[in-house]
Structures are given as C-alpha cells and as structure tokens.
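Taking it in order: structure first as structure tokens, then the write-up.
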Amino acid sequence: MPAPKNTARRSLLISAATLLSLAVTAPAALAAPATGKAPATGKAPATGKAPAATPPAHMSTLGGARLGLPGTQVNLAPGVPVLPKDLTARSWIVSDAQSGEVLASHNAHWALPPASTMKMLFADTLLPRFPRTTEHKVAAKDLAGMGEGSSVVGIKPGKTYSVHDLWLGVFLRSGNDAVHVLSAMNGGVAQTVQDMQHHADELQALDTHVVSPDGYDEPHQVSSAYDLTLVARSGLQKKDFRDYCSTVSADFGGQEIRNTNRLLSGDTDVPVYQGIAGVKNGNTTHAGATFTGVAQRGKQVLLVTVMNPQKQEHNEVYKETAKLFDWGFQAAGKVEPVGELVPPRGAAQTGTAPSGSPQASAPAGRAGSKPVAAAATGSRGIGTALAVAGGLLVLLAGGVFLVNRRWPLPDLMRRRPRA
C-alpha cells in the first residue's frame, strides 16, 4: 500500500494546565443579522426540505441558556475585540477545544442540514471498528443508494481497497462512495445510520437527526453548529481521526487526491490558515456550505463551526471561519463565555469511555452487534501526532475517562510536505 504524499504537519505545543471553571453570564443577546433564501449551490439536487429563513424562537439550552436564544451571543467588555461585522452564516460557534468554553455563538442550536460535516459523526462512530490494514473487495451492491450528484473518490466495484484508503477517500475527497463501502462493511446503511444516531445521542448531540451516513440532503436530516462541534471534539480524541482530517494530500489508486478543506490545503483566494489541523467541510443544495475547523496558536486550541453563509462568494465559508478564528484567538482569556460544550453521557454519568471510542463496545441492543475492534495506531506518516493529557483524559492503559470540567485535546502537529 503506497504511503500518502505531500501531507501537512502542524508543529505546535499545548500545555496541560487546568483552566478555571466556566463563568457564564447572561446580558442581552446581540441582534442577529438578516438572513435570506438558502443558496442552491451544492452538488446534490433538492431532495430534502430547505430550512426556514429564520431560527426558531426557542431552541435547546444544552450547554447554557444563552445558547438557546436566537441571534449572536457574546459578552463584550473593555479589552474584548468586537466580532467581525460581515458574518452572514445562519449559524456559527467559537469554542475552546480544551476547556469546552463557548466564547461566542450565533443560533448555536439551530437544527440545519449539515451536508458532509455529517461525515465527522460517521467517522467518529465507525473508525474504531476496522483496523486500517483490513482489506475489502467492493461489490456493486456496496455502492447502491448513493444520491445523484454525490461527491466520490472513484471507487470501482471488483477492486480491493484497504480501510486506510477508504478513510482517506472519506476525509480528503468527501467520497460518498467510500462512506457507502464502509457502511456495507458495518452491516449496511440502515445499521450505520442507527449506530450514528446512537453515538450522537451518547455525545449529547441532541439537535442531530441522522438519515444518511454521508450527509446527502434528505428530509429531516439535520444537525447544529453546537452538535457538529461536539462531534468534532469527540473525534479529535482519536488518533486516526486526527491523522486523516489533517492530511493535505495522499495517493489513492495511483492518483493524488487533495483535501477539499481549503483552510488546510489552500486555494487561490484562501491561504492555508495558520495553525489549522482539520476538520471537515460540506456543501449541498439545502445545507449550503458548512465547515468545522480546529486550529491552534501557542497554547490555545479553538473549534469553529460555520453553517450556510448567505453571502454567495467563492469559499465564503472558509473566509468567515478564518475571521472567527482570528477573533477567537484575540478574545481567548479576555471574554467571558456564553456557554459550554457538554461531555458525552458516558463520561458524565458512568466515567466510562463514550460509545465509538476505541475502548467502547458496540451499542447495546443492536441486532447482530459485534465487539468493536481498536483502531490501528500507526499513522504511516499521515496526519497529526498527538498525546492526550490533562483533566479529562483517556488513560491509555485502561481506557477510562476521568471527568471534570475540562476535556483537553492533545498537542497538534503539522507535517511538512514531503518530496
């Protein structure tokens, strides 16, 4: 199996110092910018239902009362930088990836079509189940049921692919064909959707309703900026997830594929963002453009999720994400949080590893469920190299989650392109 080429390496450091508990205050919310009709710019045809133009008056208050309010939530005070004035996304959230503090948000719990950011939940659910060296010969039925116009990496029936290559297809090219093959290995699309929904519930991603494993527009398939951030935070606890989501380019079937995350790989109008290390982008007719990213500067690690910018310019979702990252790095340590990212139910209630982690078992009550295999640890030179440390951590010997207010990410490292 050829090793990936031209991967990117993020060499950064994070300390494991304990942060103070969240201090949540509740001044009046800032006014939300006006929103218009959802753009029809994605690859998928209009199969689902377009979201309403305005957020519900009452949304979930999970993580804090202010996160359930429509409009922008931020605690402006002397020394706190003002938010960018030209944000047009229907929903966004900026959070501290380690402490879980939500620094600012806009319609954080608005349930919207997620597009391929749903693949983060797919990966967080299935990655631990198949060692990356496992090989699978693709049958035509494995690719059945893909939506018209789906993004693909070019998988062909009759050919044999490693799990490692399939995940490269999922993360770099958002290949719905790779998603369907991995779903077939997991017992089929219906079983995989059930498993993903179970895992979303365990993560307390309660705005999320899974209909398809690849994020293709389907009626009632929704998630929220808050939920997508929870999912990304969970996924980033897994080494393979970090490796794949930070890979810039790789060899797939003798051809180079590049990551479509433009903050990671760059584009003519979007430079590579300083400190970026993943996570996942998406774009469909009803979802518009969606993106969740993680970036680090010094000791600070931020997660930003942006859903459906209304400004229809090239790469707008990445431009708005970059502005929110810039604001977050300037505001961190100065702004009082407006809420928090909650831990998984398993960690909060039982102290055991959440469903979908390498140490967790298959969801209880599944028909034909089987033990979940630990993912292979070798990265074969791709992605990131991280070590988990701090308050809420995975004990590598026992796989037990210790619970407090902090769930830190490991150090993020960026690999330089290789010749």
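Simple scheme: letters A, B, ... for chains in structure tokens order, numbers from 1 for residues in each chain, numbers from 1 for ligands in the order shown.
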Secondary structure check, alpha helix (DSSP H) residues of range 73-260 of chain A, as a VMD selection string: chain A and resid 118 to 126 163 to 173 176 to 185 189 to 202 225 to 235 239 to 245
Strand (DSSP E) call set, DSSP backbone run, range 130-240 of chain A, as JSON, numbers by chain: {"A": [135, 136, 137, 160, 161, 162]}
Dump as JSON lines the rows for residues of range 111-187 of chain A within 9 Å of range 288-301 of chain A: closest atom pair and distance in Å with one decimal, only C-alpha atoms counted, ordered by chain and rising residue number.
```
{"residue": "A:Pro113", "atom": "CA", "partner": "A:Gly288", "partner_atom": "CA", "distance": 8.3}
{"residue": "A:Pro114", "atom": "CA", "partner": "A:Thr290", "partner_atom": "CA", "distance": 6.6}
{"residue": "A:Ala115", "atom": "CA", "partner": "A:Thr290", "partner_atom": "CA", "distance": 6.8}
{"residue": "A:Ser116", "atom": "CA", "partner": "A:Thr290", "partner_atom": "CA", "distance": 7.8}
{"residue": "A:Thr117", "atom": "CA", "partner": "A:Phe291", "partner_atom": "CA", "distance": 6.5}
```
Quick one: write out the picked residues with all heavy atoms as an mmCIF file, in the first residue's frame?
```cif
data_model
loop_
_atom_site.group_PDB
_atom_site.id
_atom_site.type_symbol
_atom_site.label_atom_id
_atom_site.label_comp_id
_atom_site.auth_asym_id
_atom_site.auth_seq_id
_atom_site.Cartn_x
_atom_site.Cartn_y
_atom_site.Cartn_z
ATOM 1 N N PRO A 113 -29.591 21.509 7.815
ATOM 2 C CA PRO A 113 -28.932 20.434 7.051
ATOM 3 C C PRO A 113 -27.415 20.565 7.183
ATOM 4 O O PRO A 113 -26.859 21.653 7.024
ATOM 5 C CB PRO A 113 -29.393 20.698 5.612
ATOM 6 C CG PRO A 113 -30.676 21.469 5.749
ATOM 7 C CD PRO A 113 -30.487 22.327 6.965
ATOM 8 N N PRO A 114 -26.717 19.462 7.472
ATOM 9 C CA PRO A 114 -25.279 19.542 7.765
ATOM 10 C C PRO A 114 -24.363 19.324 6.573
ATOM 11 O O PRO A 114 -23.163 19.609 6.666
ATOM 12 C CB PRO A 114 -25.081 18.428 8.776
ATOM 13 C CG PRO A 114 -26.083 17.389 8.365
ATOM 14 C CD PRO A 114 -27.279 18.150 7.827
ATOM 15 N N ALA A 115 -24.874 18.765 5.466
ATOM 16 C CA ALA A 115 -24.027 18.344 4.339
ATOM 17 C C ALA A 115 -22.952 17.381 4.853
ATOM 18 O O ALA A 115 -23.184 16.638 5.807
ATOM 19 C CB ALA A 115 -23.430 19.550 3.625
ATOM 20 N N SER A 116 -21.779 17.403 4.252
ATOM 21 C CA SER A 116 -20.771 16.378 4.558
ATOM 22 C C SER A 116 -20.065 16.555 5.895
ATOM 23 O O SER A 116 -19.235 15.724 6.251
ATOM 24 C CB SER A 116 -19.727 16.321 3.443
ATOM 25 O OG SER A 116 -20.271 15.685 2.303
ATOM 26 N N THR A 117 -20.384 17.622 6.639
ATOM 27 C CA THR A 117 -19.882 17.656 8.015
ATOM 28 C C THR A 117 -20.471 16.503 8.823
ATOM 29 O O THR A 117 -19.920 16.123 9.857
ATOM 30 C CB THR A 117 -20.202 18.998 8.691
ATOM 31 O OG1 THR A 117 -21.571 19.326 8.475
ATOM 32 C CG2 THR A 117 -19.311 20.108 8.162
#
```
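From CA of Val102 in chain A back to CA of Gly63 in chain A, the distance works out to 8.7 Å.
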Counting only C-alpha atoms, which residues of range 267-334 of chain A sit at most 8 Å from some atom of range 241-257 of chain A, and what is each one's closest atom pair with its distance in Å to one decimal, listed by chain and rising residue number, as a Markdown table?
```
| residue | atom | partner | partner_atom | distance |
| --- | --- | --- | --- | --- |
| A:Ala277 | CA | A:Ser246 | CA | 5.0 |
| A:Gly278 | CA | A:Ser246 | CA | 4.7 |
| A:Val279 | CA | A:Cys245 | CA | 5.2 |
| A:Lys280 | CA | A:Cys245 | CA | 6.9 |
```
Nearest to Ala123 in chain A, chosen from A:Leu87, A:Ala53, A:Leu324, A:Val179, with only C-alpha atoms counted in the distances: A:Val179
For CA of Arg90 in chain A and CA of Leu264 in chain A, the interatomic separation in Å (one decimal):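 Distance between the two atoms: 23.1 Å.
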Near range 125-140 of chain A, 6 Å: range 152-188 of chain A residue rows, closest pairs, only C-alpha atoms, as a tab-separated table:
```
residue	atom	partner	partner_atom	distance
A:Pro157	CA	A:Val138	CA	4.9
A:Gly158	CA	A:Val138	CA	5.3
A:Lys159	CA	A:Lys137	CA	5.6
A:Thr160	CA	A:Lys137	CA	4.0
A:Tyr161	CA	A:His136	CA	5.5
A:Ser162	CA	A:Glu135	CA	4.2
A:Val163	CA	A:Arg132	CA	4.7
A:His164	CA	A:Arg132	CA	4.5
```
Go ahead and dump the residues you just picked, N, CA and C atoms, as a JSON list (two decimals), in the first residue's frame.
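And here's selection-v8.json as it stands now:
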```json
[["chain", "number", "residue", "atom", "x", "y", "z"],
["A", 157, "PRO", "N", -16.26, -1.10, -8.38],
["A", 157, "PRO", "CA", -16.63, -2.46, -7.99],
["A", 157, "PRO", "C", -15.62, -3.47, -8.53],
["A", 158, "GLY", "N", -15.37, -4.51, -7.75],
["A", 158, "GLY", "CA", -14.43, -5.55, -8.14],
["A", 158, "GLY", "C", -13.01, -5.29, -7.67],
["A", 159, "LYS", "N", -12.70, -4.07, -7.27],
["A", 159, "LYS", "CA", -11.37, -3.74, -6.77],
["A", 159, "LYS", "C", -11.33, -3.89, -5.25],
["A", 160, "THR", "N", -10.15, -4.14, -4.74],
["A", 160, "THR", "CA", -9.96, -4.30, -3.30],
["A", 160, "THR", "C", -9.28, -3.06, -2.74],
["A", 161, "TYR", "N", -9.83, -2.55, -1.64],
["A", 161, "TYR", "CA", -9.30, -1.35, -1.00],
["A", 161, "TYR", "C", -9.05, -1.63, 0.47],
["A", 162, "SER", "N", -8.02, -0.98, 1.02],
["A", 162, "SER", "CA", -7.78, -1.07, 2.45],
["A", 162, "SER", "C", -8.69, -0.08, 3.16],
["A", 163, "VAL", "N", -8.98, -0.35, 4.43],
["A", 163, "VAL", "CA", -9.75, 0.58, 5.24],
["A", 163, "VAL", "C", -9.03, 1.93, 5.30],
["A", 164, "HIS", "N", -7.72, 1.89, 5.36],
["A", 164, "HIS", "CA", -6.93, 3.12, 5.37],
["A", 164, "HIS", "C", -7.23, 3.97, 4.13]]
```
I want to know what sits within 8 Å of range 225-229 of chain A, based on only C-alpha atoms, with residues of the same chain fewer than 2 positions away left out; could you give that as an mmCIF file with C-alpha atoms, in the first residue's frame?
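Resulting contents of around_36.cif:
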```
data_model
loop_
_atom_site.group_PDB
_atom_site.id
_atom_site.type_symbol
_atom_site.label_atom_id
_atom_site.label_comp_id
_atom_site.auth_asym_id
_atom_site.auth_seq_id
_atom_site.Cartn_x
_atom_site.Cartn_y
_atom_site.Cartn_z
ATOM 1 C CA SER A 91 -25.319 29.662 12.464
ATOM 2 C CA TRP A 92 -21.810 29.614 13.946
ATOM 3 C CA ILE A 93 -19.968 28.906 17.175
ATOM 4 C CA ALA A 108 -25.837 27.698 18.058
ATOM 5 C CA HIS A 109 -28.673 25.164 18.381
ATOM 6 C CA TRP A 110 -30.454 25.892 15.094
ATOM 7 C CA THR A 117 -19.882 17.656 8.015
ATOM 8 C CA MET A 118 -22.135 14.716 8.976
ATOM 9 C CA MET A 120 -17.462 13.579 11.171
ATOM 10 C CA GLN A 204 -25.487 14.690 23.696
ATOM 11 C CA ALA A 205 -25.657 15.965 20.124
ATOM 12 C CA LEU A 206 -29.410 16.133 20.554
ATOM 13 C CA ASP A 207 -30.141 18.512 17.654
ATOM 14 C CA THR A 208 -28.852 15.847 15.265
ATOM 15 C CA SER A 223 -27.575 18.932 12.930
ATOM 16 C CA VAL A 231 -18.780 15.588 17.324
ATOM 17 C CA ALA A 232 -15.505 17.129 16.137
ATOM 18 C CA ARG A 233 -14.267 17.402 19.728
ATOM 19 C CA THR A 292 -15.994 22.707 11.250
ATOM 20 C CA LEU A 303 -13.013 24.893 17.342
ATOM 21 C CA VAL A 304 -15.128 26.915 14.915
ATOM 22 C CA THR A 305 -18.240 25.693 13.113
ATOM 23 C CA VAL A 306 -19.928 27.772 10.402
ATOM 24 C CA MET A 307 -23.184 26.782 8.684
ATOM 25 C CA LEU A 341 -19.637 22.130 25.359
#
```
Pro337 in chain A environment, 6 Å, only C-alpha atoms, sequence neighbours closer than 2 positions dropped, as a list in words: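 So, after excluding close chain neighbours, the residues are Val24, Glu101, Val102, Leu103 and Gly339 of chain A.
You will find CA of Ile276 in chain A at 9.6 Å from CA of Leu302 in chain A.
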